file query05.cif (mmCIF, C-alpha atoms)
data_start
#
loop_
_atom_site.group_PDB
_atom_site.id
_atom_site.type_symbol
_atom_site.label_atom_id
_atom_site.label_comp_id
_atom_site.auth_asym_id
_atom_site.auth_seq_id
_atom_site.Cartn_x
_atom_site.Cartn_y
_atom_site.Cartn_z
ATOM 1 C CA MET A 255 31.347 91.413 147.066
ATOM 2 C CA ALA A 256 32.526 94.306 144.892
ATOM 3 C CA SER A 257 30.080 95.926 142.539
ATOM 4 C CA ARG A 258 32.500 95.329 139.661
ATOM 5 C CA PRO A 259 34.066 91.867 140.155
ATOM 6 C CA GLU A 260 35.359 91.874 136.558
ATOM 7 C CA ALA A 261 37.704 94.711 137.584
ATOM 8 C CA ILE A 262 39.283 92.575 140.328
ATOM 9 C CA ALA A 263 40.236 89.319 138.617
ATOM 10 C CA PRO A 264 39.304 87.044 135.698
ATOM 11 C CA PRO A 265 36.061 85.107 136.277
ATOM 12 C CA GLU A 266 37.745 81.703 136.617
ATOM 13 C CA ILE A 267 39.957 83.154 139.371
ATOM 14 C CA PHE A 268 37.478 85.480 141.080
ATOM 15 C CA TYR A 269 34.827 82.765 141.412
ATOM 16 C CA ASP A 270 36.926 80.241 143.307
ATOM 17 C CA ASP A 271 35.492 77.622 145.665
ATOM 18 C CA VAL A 272 34.889 80.127 148.482
ATOM 19 C CA GLU A 273 33.380 82.896 146.345
ATOM 20 C CA ALA A 274 31.250 80.493 144.300
ATOM 21 C CA ARG A 275 29.734 78.934 147.403
ATOM 22 C CA LYS A 276 29.147 82.368 148.952
ATOM 23 C CA TYR A 277 27.445 83.543 145.754
ATOM 24 C CA THR A 278 25.099 80.561 145.600
ATOM 25 C CA SER A 279 24.198 80.609 149.310
ATOM 26 C CA SER A 280 23.097 84.250 149.283
ATOM 27 C CA SER A 281 19.296 84.427 149.356
ATOM 28 C CA ARG A 282 19.385 87.933 147.905
ATOM 29 C CA ILE A 283 21.435 86.848 144.892
ATOM 30 C CA VAL A 284 19.220 83.804 144.371
ATOM 31 C CA GLN A 285 16.137 86.038 144.283
ATOM 32 C CA ILE A 286 17.754 88.544 141.906
ATOM 33 C CA GLN A 287 18.920 85.770 139.588
ATOM 34 C CA ALA A 288 15.423 84.304 139.503
ATOM 35 C CA GLU A 289 13.824 87.662 138.692
ATOM 36 C CA LEU A 290 16.331 88.463 135.953
ATOM 37 C CA SER A 291 16.017 84.986 134.451
ATOM 38 C CA GLU A 292 12.226 85.230 134.377
ATOM 39 C CA ARG A 293 12.470 88.614 132.647
ATOM 40 C CA ALA A 294 15.003 87.258 130.117
ATOM 41 C CA LEU A 295 12.726 84.293 129.405
ATOM 42 C CA GLU A 296 9.829 86.711 128.895
ATOM 43 C CA LEU A 297 11.878 88.748 126.412
ATOM 44 C CA LEU A 298 12.769 85.564 124.503
ATOM 45 C CA ALA A 299 9.096 85.445 123.461
ATOM 46 C CA LEU A 300 9.125 81.701 122.863
ATOM 47 C CA PRO A 301 6.057 80.286 121.075
ATOM 48 C CA GLU A 302 3.422 78.988 123.479
ATOM 49 C CA ASP A 303 2.862 75.670 121.725
ATOM 50 C CA GLY A 304 3.562 73.429 124.704
ATOM 51 C CA VAL A 305 6.735 72.016 123.098
ATOM 52 C CA PRO A 306 9.882 72.221 125.265
ATOM 53 C CA LYS A 307 12.702 74.216 123.691
ATOM 54 C CA LEU A 308 16.458 73.696 123.809
ATOM 55 C CA LEU A 309 17.924 76.855 125.351
ATOM 56 C CA LEU A 310 21.456 78.020 126.032
ATOM 57 C CA ASP A 311 22.463 79.606 129.350
ATOM 58 C CA ILE A 312 25.717 81.493 128.793
ATOM 59 C CA GLY A 313 27.656 82.106 131.989
ATOM 60 C CA CYS A 314 25.339 79.742 133.854
ATOM 61 C CA GLY A 315 27.430 79.735 137.047
ATOM 62 C CA SER A 316 25.966 77.399 139.643
ATOM 63 C CA GLY A 317 22.750 76.903 137.668
ATOM 64 C CA LEU A 318 20.528 79.508 139.362
ATOM 65 C CA SER A 319 19.158 80.898 136.102
ATOM 66 C CA GLY A 320 18.920 77.396 134.646
ATOM 67 C CA GLU A 321 16.434 76.434 137.356
ATOM 68 C CA THR A 322 14.039 79.048 135.964
ATOM 69 C CA LEU A 323 14.323 77.465 132.531
ATOM 70 C CA SER A 324 13.656 74.008 133.962
ATOM 71 C CA GLU A 325 10.627 75.242 135.902
ATOM 72 C CA ASP A 326 9.224 76.595 132.644
ATOM 73 C CA GLY A 327 9.544 73.125 131.088
ATOM 74 C CA HIS A 328 12.527 73.706 128.805
ATOM 75 C CA HIS A 329 15.766 71.801 128.269
ATOM 76 C CA TRP A 330 18.966 73.790 128.566
ATOM 77 C CA ILE A 331 22.709 73.713 128.122
ATOM 78 C CA GLY A 332 24.802 75.801 130.484
ATOM 79 C CA LEU A 333 28.384 76.884 129.942
ATOM 80 C CA ASP A 334 30.719 78.714 132.292
ATOM 81 C CA ILE A 335 34.433 79.375 132.602
ATOM 82 C CA SER A 336 34.589 78.810 136.371
ATOM 83 C CA PRO A 337 35.129 75.171 137.423
ATOM 84 C CA SER A 338 34.101 76.023 140.979
ATOM 85 C CA MET A 339 30.734 77.354 139.822
ATOM 86 C CA LEU A 340 30.077 74.245 137.730
ATOM 87 C CA ASN A 341 31.069 71.953 140.597
ATOM 88 C CA ILE A 342 28.403 73.564 142.785
ATOM 89 C CA ALA A 343 25.896 73.207 139.944
ATOM 90 C CA VAL A 344 26.660 69.478 139.898
ATOM 91 C CA GLU A 345 26.223 69.296 143.681
ATOM 92 C CA ARG A 346 22.845 71.020 143.350
ATOM 93 C CA GLU A 347 21.849 68.431 140.712
ATOM 94 C CA VAL A 348 20.597 70.927 138.158
ATOM 95 C CA GLU A 349 18.729 69.442 135.205
ATOM 96 C CA GLY A 350 20.761 71.097 132.453
ATOM 97 C CA ASP A 351 23.864 69.841 130.661
ATOM 98 C CA LEU A 352 26.993 71.703 131.804
ATOM 99 C CA LEU A 353 30.040 72.717 129.770
ATOM 100 C CA LEU A 354 33.325 74.190 130.958
ATOM 101 C CA ALA A 355 34.093 76.741 128.249
ATOM 102 C CA ASP A 356 35.315 80.265 127.579
ATOM 103 C CA MET A 357 32.650 82.079 125.554
ATOM 104 C CA GLY A 358 35.320 84.464 124.268
ATOM 105 C CA GLN A 359 36.787 81.591 122.253
ATOM 106 C CA GLY A 360 33.491 80.808 120.540
ATOM 107 C CA LEU A 361 30.765 78.259 121.156
ATOM 108 C CA GLY A 362 31.487 74.788 119.837
ATOM 109 C CA LEU A 363 27.862 73.872 119.121
ATOM 110 C CA ARG A 364 26.209 72.477 116.002
ATOM 111 C CA PRO A 365 24.640 75.055 113.672
ATOM 112 C CA GLY A 366 20.947 75.825 114.090
ATOM 113 C CA VAL A 367 20.226 73.561 117.072
ATOM 114 C CA ILE A 368 19.520 76.185 119.780
ATOM 115 C CA ASP A 369 16.010 77.659 120.064
ATOM 116 C CA GLY A 370 17.063 80.585 122.260
ATOM 117 C CA ALA A 371 19.810 81.865 124.548
ATOM 118 C CA ILE A 372 19.959 83.869 127.757
ATOM 119 C CA SER A 373 22.805 85.293 129.788
ATOM 120 C CA ILE A 374 22.659 87.009 133.170
ATOM 121 C CA SER A 375 25.455 89.477 133.922
ATOM 122 C CA ALA A 376 28.165 87.701 131.947
ATOM 123 C CA VAL A 377 28.802 89.303 128.541
ATOM 124 C CA GLN A 378 30.451 92.454 129.969
ATOM 125 C CA TRP A 379 33.333 90.259 131.185
ATOM 126 C CA LEU A 380 34.461 90.007 127.547
ATOM 127 C CA CYS A 381 35.189 93.748 127.502
ATOM 128 C CA ASN A 382 38.216 93.199 129.770
ATOM 129 C CA ALA A 383 41.597 91.940 128.601
ATOM 130 C CA ASP A 384 42.544 89.544 131.391
ATOM 131 C CA LYS A 385 45.574 88.194 129.480
ATOM 132 C CA SER A 386 48.100 89.713 127.116
ATOM 133 C CA SER A 387 46.609 87.593 124.327
ATOM 134 C CA HIS A 388 43.075 88.863 124.948
ATOM 135 C CA ASN A 389 41.554 91.367 122.541
ATOM 136 C CA PRO A 390 38.024 92.382 123.617
ATOM 137 C CA ARG A 391 36.893 93.114 120.066
ATOM 138 C CA LEU A 392 38.104 89.764 118.751
ATOM 139 C CA ARG A 393 36.638 87.868 121.709
ATOM 140 C CA LEU A 394 33.251 89.552 121.265
ATOM 141 C CA LYS A 395 33.414 88.804 117.555
ATOM 142 C CA ALA A 396 34.158 85.114 118.176
ATOM 143 C CA PHE A 397 31.334 84.885 120.707
ATOM 144 C CA PHE A 398 28.572 86.569 118.690
ATOM 145 C CA THR A 399 29.597 84.930 115.403
ATOM 146 C CA SER A 400 29.478 81.431 116.892
ATOM 147 C CA LEU A 401 26.229 82.221 118.719
ATOM 148 C CA TYR A 402 24.596 83.381 115.482
ATOM 149 C CA LYS A 403 25.525 80.075 113.822
ATOM 150 C CA CYS A 404 24.155 77.805 116.536
ATOM 151 C CA LEU A 405 20.779 79.602 116.836
ATOM 152 C CA SER A 406 17.855 78.494 114.698
ATOM 153 C CA ASN A 407 16.291 80.871 112.189
ATOM 154 C CA GLY A 408 14.328 83.583 113.981
ATOM 155 C CA ALA A 409 15.570 82.595 117.447
ATOM 156 C CA ARG A 410 16.272 85.255 120.044
ATOM 157 C CA ALA A 411 19.123 85.812 122.457
ATOM 158 C CA VAL A 412 18.614 87.947 125.580
ATOM 159 C CA PHE A 413 21.576 89.219 127.596
ATOM 160 C CA GLN A 414 21.220 91.065 130.867
ATOM 161 C CA VAL A 415 24.320 93.249 130.999
ATOM 162 C CA TYR A 416 25.948 95.778 133.315
ATOM 163 C CA PRO A 417 28.035 97.912 130.932
ATOM 164 C CA GLU A 418 30.509 100.068 132.819
ATOM 165 C CA ASN A 419 30.048 102.987 130.427
ATOM 166 C CA ILE A 420 28.621 103.952 127.049
ATOM 167 C CA ASP A 421 31.768 102.780 125.264
ATOM 168 C CA GLN A 422 31.315 99.247 126.600
ATOM 169 C CA ARG A 423 27.665 99.257 125.579
ATOM 170 C CA GLU A 424 28.542 100.342 122.036
ATOM 171 C CA LEU A 425 31.370 97.803 121.872
ATOM 172 C CA ILE A 426 28.991 94.943 122.695
ATOM 173 C CA LEU A 427 26.216 96.260 120.467
ATOM 174 C CA ASN A 428 28.505 96.779 117.462
ATOM 175 C CA ALA A 429 29.975 93.293 117.828
ATOM 176 C CA ALA A 430 26.472 91.804 117.727
ATOM 177 C CA MET A 431 25.579 93.966 114.732
ATOM 178 C CA ARG A 432 28.608 92.843 112.733
ATOM 179 C CA ALA A 433 27.829 89.194 113.486
ATOM 180 C CA GLY A 434 24.476 89.583 111.696
ATOM 181 C CA PHE A 435 22.047 90.093 114.567
ATOM 182 C CA ALA A 436 19.172 92.560 114.592
ATOM 183 C CA GLY A 437 17.706 93.988 117.778
ATOM 184 C CA GLY A 438 18.625 96.512 120.419
ATOM 185 C CA ILE A 439 18.687 97.411 124.091
ATOM 186 C CA VAL A 440 15.620 97.193 126.337
ATOM 187 C CA VAL A 441 15.805 99.113 129.629
ATOM 188 C CA ASP A 442 13.647 98.268 132.628
ATOM 189 C CA PHE A 443 13.092 100.984 135.267
ATOM 190 C CA PRO A 444 14.943 103.637 133.229
ATOM 191 C CA HIS A 445 14.358 106.387 135.825
ATOM 192 C CA SER A 446 15.638 104.387 138.810
ATOM 193 C CA SER A 447 19.342 104.284 139.601
ATOM 194 C CA LYS A 448 19.034 101.103 141.719
ATOM 195 C CA LYS A 449 16.438 99.058 139.820
ATOM 196 C CA ARG A 450 17.615 99.973 136.329
ATOM 197 C CA LYS A 451 18.360 96.876 134.237
ATOM 198 C CA GLU A 452 19.568 96.665 130.642
ATOM 199 C CA PHE A 453 18.786 93.744 128.347
ATOM 200 C CA LEU A 454 20.349 93.247 124.940
ATOM 201 C CA VAL A 455 17.640 91.559 122.846
ATOM 202 C CA LEU A 456 18.914 90.053 119.573
ATOM 203 C CA THR A 457 17.241 88.121 116.768
ATOM 204 C CA CYS A 458 18.961 86.119 114.034
ATOM 205 C CA GLY A 459 17.988 84.902 110.575
ATOM 206 C CA GLN A 460 15.602 86.183 107.925
ATOM 207 C CA ARG A 461 12.699 86.289 110.359
ATOM 208 C CA SER A 462 14.510 89.012 112.294
ATOM 209 C CA MET A 463 13.475 91.533 109.630
ATOM 210 C CA ASN A 464 9.857 91.365 110.801
ATOM 211 C CA ALA A 465 10.612 91.102 114.523
ATOM 212 C CA SER A 466 9.525 94.003 116.712
ATOM 213 C CA MET A 467 11.447 95.209 119.742
ATOM 214 C CA PRO A 468 9.764 94.727 123.145
ATOM 215 C CA ASN A 469 9.342 97.646 125.529
ATOM 216 C CA GLY A 470 10.968 98.053 128.909
ATOM 217 C CA LYS A 471 9.094 98.147 132.225
ATOM 218 C CA ASP A 472 8.539 101.086 134.546
ATOM 219 C CA GLU A 473 8.155 101.247 138.315
ATOM 220 C CA ASP A 474 4.568 99.936 138.124
ATOM 221 C CA GLY A 475 5.606 96.913 136.064
ATOM 222 C CA GLU A 476 3.932 98.295 132.946
ATOM 223 C CA SER A 477 5.518 98.749 129.534
ATOM 224 C CA CYS A 478 7.366 101.987 128.904
ATOM 225 C CA SER A 479 6.673 103.917 125.741
ATOM 226 C CA ASP A 480 9.507 105.174 123.584
ATOM 227 C CA ASP A 481 8.799 108.708 124.806
ATOM 228 C CA ASP A 482 9.722 107.682 128.345
ATOM 229 C CA MET A 483 13.130 106.435 127.245
ATOM 230 C CA GLU A 484 16.212 108.522 126.609
ATOM 231 C CA GLU A 485 17.630 108.396 123.128
ATOM 232 C CA ASP A 486 20.720 106.451 124.152
ATOM 233 C CA GLU A 487 18.707 103.944 126.184
ATOM 234 C CA ASN A 488 16.705 102.425 123.340
ATOM 235 C CA GLN A 489 19.324 101.750 120.723
ATOM 236 C CA THR A 490 18.221 99.451 117.944
ATOM 237 C CA VAL A 491 20.198 97.742 115.242
ATOM 238 C CA CYS A 492 18.575 97.829 111.822
ATOM 239 C CA ILE A 493 19.271 95.400 109.023
ATOM 240 C CA SER A 494 20.428 98.216 106.733
ATOM 241 C CA ASP A 495 22.976 99.371 109.309
ATOM 242 C CA ARG A 496 24.926 96.136 108.974
ATOM 243 C CA HIS A 497 26.170 96.912 105.470
ATOM 244 C CA ARG A 498 29.749 98.079 105.621
ATOM 245 C CA PRO A 499 30.736 101.175 103.636
ATOM 246 C CA ARG A 500 32.628 100.579 100.429
ATOM 247 C CA LYS A 501 36.345 101.083 100.529
ATOM 248 C CA LYS A 502 37.608 104.224 98.880
ATOM 249 C CA LEU A 503 39.646 103.725 95.724
ATOM 250 C CA LYS A 504 43.302 104.510 96.164
ATOM 251 C CA GLY A 505 44.785 107.162 93.918
ATOM 252 C CA ASN A 506 43.139 109.483 91.443
ATOM 253 C CA LYS A 507 43.144 108.276 87.861
ATOM 254 C CA SER A 508 42.002 111.635 86.538
ATOM 255 C CA SER A 509 45.389 113.187 87.435
ATOM 256 C CA LYS A 510 47.248 110.971 84.920
ATOM 257 C CA GLY A 511 46.833 113.188 81.870
ATOM 258 C CA ARG A 512 49.041 113.975 78.865
ATOM 259 C CA GLU A 513 51.692 115.796 80.868
ATOM 260 C CA TRP A 514 52.116 112.868 83.264
ATOM 261 C CA ILE A 515 52.439 110.411 80.342
ATOM 262 C CA MET A 516 55.005 112.605 78.562
ATOM 263 C CA ARG A 517 57.065 112.910 81.747
ATOM 264 C CA LYS A 518 57.016 109.149 82.290
ATOM 265 C CA LYS A 519 58.064 108.463 78.694
ATOM 266 C CA ASP A 520 61.003 110.870 78.995
ATOM 267 C CA GLN A 521 62.025 109.141 82.201
ATOM 268 C CA MET A 522 61.953 105.743 80.485
ATOM 269 C CA ARG A 523 64.039 107.076 77.555
ATOM 270 C CA ARG A 524 66.718 108.357 79.936
ATOM 271 C CA ARG A 525 66.948 104.852 81.364
ATOM 272 C CA GLY A 526 67.650 103.486 77.910
ATOM 273 C CA ASN A 527 64.290 101.779 77.389
ATOM 274 C CA VAL A 528 62.571 101.623 73.988
ATOM 275 C CA VAL A 529 59.581 103.984 74.134
ATOM 276 C CA PRO A 530 57.060 104.719 71.326
ATOM 277 C CA PRO A 531 57.439 108.212 69.839
ATOM 278 C CA ASN A 532 55.189 111.043 70.931
ATOM 279 C CA THR A 533 52.288 111.851 68.623
ATOM 280 C CA LYS A 534 49.143 113.928 68.728
ATOM 281 C CA TYR A 535 47.332 110.862 70.058
ATOM 282 C CA THR A 536 49.597 110.505 73.121
ATOM 283 C CA GLY A 537 47.527 110.906 76.287
ATOM 284 C CA ARG A 538 44.316 111.515 74.366
ATOM 285 C CA LYS A 539 41.218 110.260 76.181
ATOM 286 C CA ARG A 540 39.361 107.491 74.371
ATOM 287 C CA LYS A 541 35.736 107.987 73.499
ATOM 288 C CA ASP A 542 33.094 105.972 75.346
ATOM 289 C CA ARG A 543 32.546 103.917 72.197
ATOM 290 C CA PHE A 544 34.084 103.673 68.764
#

call {"tool": "encode", "arguments": {"input": "query05.cif", "output": "structure tokens"}}
result
Amino acid sequence: MASRPEAIAPPEIFYDDVEARKYTSSSRIVQIQAELSERALELLALPEDGVPKLLLDIGCGSGLSGETLSEDGHHWIGLDISPSMLNIAVEREVEGDLLLADMGQGLGLRPGVIDGAISISAVQWLCNADKSSHNPRLRLKAFFTSLYKCLSNGARAVFQVYPENIDQRELILNAAMRAGFAGGIVVDFPHSSKKRKEFLVLTCGQRSMNASMPNGKDEDGESCSDDDMEEDENQTVCISDRHRPRKKLKGNKSSKGREWIMRKKDQMRRRGNVVPPNTKYTGRKRKDRF
């Protein structure tokens, strides 16, 4: 399997019956999926009150990451664009509800019903334009906007991503920021080229203002301090950064003085229009108050 399957074909075509079955039968992939799902569930920081939560698994595939959610006692809804992947999930009798959907077209879920969302190696697919009608920015906007609506207040969403470059990372992060999320990127094993994993941790609602960002893990499995992370590896999105700059006013009103008014009046007279005569008050600036 290529390291970048999104560069070969769209996901619904790349993960056909043969590739989907090969993906699910690989013991290495099953182990990696389980480890990443457990880490994503840890970063969700769900309350330990013993009450099962309703979670969303975006790009669930054959249900490998959903099994981790079920083992932790939660209910989940999985959506994927590949029919072959979902067919194998049905054969494996996963406990979650499955939806065939394109996340780039938005999530058709009721507002505020989801307690948390995870996604393992799926969001970066939206950065590619697989069709002439695809616009990565618009597809990311539709995805994050609809996700923000369906999450409950203060809920988190954790996405394990493999951005191809810094531009893709910023594209995904900015789309989440504009949708209203707060959060940032958490990097596990930042000094290892093979083990390095990036997680986009987002929080929605008013409670996100008081939410703190978790730390990444190092080679020993312990939390990394901010000093151990490079500046571009621990990008956070602040609430204040979501305010868009005001649009600049077109034109410059201060340039329309007496000379401009006199020239315009002469132009109107030449056209035969009735124009008030020029006086000493023509073009005079009014006082702030009478």

call {"tool": "residues_around", "arguments": {"input": "query05.cif", "residues": "Lys518 in chain A", "least_positions_apart": "6", "cutoff": "12 Å", "atoms": "all atoms listed in the file", "output": "compact mmCIF listing (two decimals) with C-alpha atoms, in the frame of the given file"}}
result
# COMPACT_ATOMS: atom_id res chain seq x y z
CA LYS A 510 47.25 110.97 84.92
CA GLY A 511 46.83 113.19 81.87
CA ARG A 512 49.04 113.98 78.86
CA ARG A 524 66.72 108.36 79.94
CA ARG A 525 66.95 104.85 81.36
CA ASN A 527 64.29 101.78 77.39
CA VAL A 529 59.58 103.98 74.13
CA PRO A 530 57.06 104.72 71.33
CA ASN A 532 55.19 111.04 70.93
CA THR A 536 49.60 110.50 73.12
CA GLY A 537 47.53 110.91 76.29

call {"tool": "closest_residue", "arguments": {"input": "query05.cif", "among": "A:Arg423, A:Arg517, A:Lys539, A:His329", "to": "Gln378 in chain A", "atoms": "all atoms listed in the file"}}
result
A:Arg423

call {"tool": "resolve_selection", "arguments": {"input": "query05.cif", "expression": "the PyMOL selection byres ((chain A and resi 391) around 10)", "output": "list in words"}}
result
Gly358, Leu380, Cys381, Asn382, Ala383, His388, Asn389, Pro390, Leu392, Arg393, Leu394, Lys395, Ala396, Phe397, Leu425, Ile426, Asn428 and Ala429 of chain A

call {"tool": "closest_residue", "arguments": {"input": "query05.cif", "among": "A:Phe453, A:Ile335, A:Asp351, A:Ile374", "to": "Ile283 in chain A", "atoms": "all atoms listed in the file"}}
result
A:Ile374

call {"tool": "resolve_selection", "arguments": {"input": "query05.cif", "expression": "the PyMOL selection byres ((chain A and resi 311-324) around 7)", "output": "PyMOL selection string"}}
result
chain A and resi 278+284+287-288+291-292+309-310+325-334+339-340+342-343+348-350+371-373+376
